[in-house]
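Visitor: I am attaching a structure below and will ask some questions about it afterwards.
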Amino acid sequence: MAGHVKTAAGDARAARGRRLPADLGPRVAVALPAAAVTVALILVGGAAFACAVAALGALAAVELTRATGAAPLLRAAAGGAVAALVLAALTQDRALLLGLLAAGVALVFTAGAADPRRPGIAGAVGAGVLAAAWIGLGLAHGVLLRELPGGAGLLLAVLLGTFLGDTAAQLVGSAWGHRALAPAISPAKSVEGAAAGLVVATVVCSGAALMLVDGLTATRALALGAAVAVAAPAGDLFESLLKRDLGIKDTGTFFGAHGGVLDRIDAVLLTAVTGYYVSLAVL
């Protein structure tokens, strides 16, 4: 335990000693086209958007379960459960989503039972259940949000706040971060970066919502922005905790320098849920 704490503290000091990320160029090269495709899909909406999100969600579920050593059948079960939840969100029937979640959990259990002799089956099944509940319901709420009146603008505002807040946190933390936010979970994150991320996410999300959604008051837009700003780093830290527990840096390589699908959507899995329910309250 003492060795782990010392290692985490050393990682934190090294991370805070950096300035700009060394892979900033490759990150931008991946982020720009991905952003353009995302905006286009959100504007189109409907089945095209839901199918794209379902595919990404299935890949994220496979990444998570593969990291625990899950057998291919269990990975497929988790990916299928996530995809079904996302596609079902097109109906706007939240009761159906709960039923599908239960069915997805049962499917994961069945897939796990098909390989009872494999060591670590409890962790693999647990990852499959987590994938269905965390990834599946998180992305399903993104589709639910898009299907609301003014949903395209609301979702764009939530995503802009989420990603630009994260970018601000990384840049400010790399350049001026001195106090570790959570060294045992994610050594590179600093208090200064987190504060910058909160401010930028709030301003960007609320400002975008005001511009893109008709009839939204400044107070309500600010409530949406503040809620998204708080939820985003919580989602990021949760995935960082999982990766540290699993002993991996990234969940995959789908997005190149950005890592895997789950590495990119971790914050969205909470901000989509938060954005949906706050939007229901303020619209």
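Chain lettering (A, B, ...) mirrors the order of the structure tokens, residue numbering begins at 1 for each chain separately, and ligand numbering begins at 1 in order of display.
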Could the residues of region 32-89 of chain A that have an atom at most 6 Å from region 130-140 of chain A be listed as JSON lines, each with its closest atom pair and the distance in Å to one decimal, counting only C-alpha atoms and ordered by chain and ascending residue number?

Guide:
{"residue": "A:Ala61", "atom": "CA", "partner": "A:Ala131", "partner_atom": "CA", "distance": 5.3}
{"residue": "A:Ala81", "atom": "CA", "partner": "A:Ala132", "partner_atom": "CA", "distance": 5.9}
{"residue": "A:Val82", "atom": "CA", "partner": "A:Gly136", "partner_atom": "CA", "distance": 4.2}
{"residue": "A:Leu85", "atom": "CA", "partner": "A:Gly136", "partner_atom": "CA", "distance": 5.7}
{"residue": "A:Val86", "atom": "CA", "partner": "A:Ala140", "partner_atom": "CA", "distance": 4.2}
{"residue": "A:Ala89", "atom": "CA", "partner": "A:Ala140", "partner_atom": "CA", "distance": 5.4}

Visitor: Name the closest residue to Leu56 (chain A) among the candidates A:Val268, A:Leu262, A:Ala152, A:Ala229; distances are taken between atoms, counting only C-alpha atoms.

Guide: A:Leu262

Visitor: May I ask which of the residues A:Ala234, A:Leu87, A:Val158, A:Val62 is the closest one to Leu222 (chain A), counting only C-alpha atoms?

Guide: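 Of A:Ala234, A:Leu87, A:Val158, A:Val62, the one nearest Leu222 (chain A) is A:Val158, counting only C-alpha atoms.
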
Visitor: Taking only residues of region 237-275 of chain A that have an atom at most 9 Å from an atom of region 66-80 of chain A, what is each one's shortest atom pair and its distance in Å to one decimal, using only C-alpha atoms, in chain and number order, as CSV?

Guide:
residue,atom,partner,partner_atom,distance
A:Lys243,CA,A:Ala67,CA,8.8
A:Leu246,CA,A:Ala67,CA,7.1
A:Ile248,CA,A:Ala67,CA,8.0
A:Thr251,CA,A:Ala67,CA,7.0

Visitor: Given only C-alpha atoms as the basis, pick out the residue of A:Leu59, A:Val204, A:Ala95, A:Leu283 nearest to Leu159 (chain A).

Guide: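 Closest to Leu159 (chain A), using only C-alpha atoms: A:Val204.
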
Visitor: In terms of the shortest atom-to-atom distance over only C-alpha atoms, which of A:Ala221, A:Ala231, A:Leu100, A:Leu90 is closest to Leu148 (chain A)?

Guide: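 Looking only at the distances to Leu148 (chain A), the closest residue turns out to be A:Leu90.
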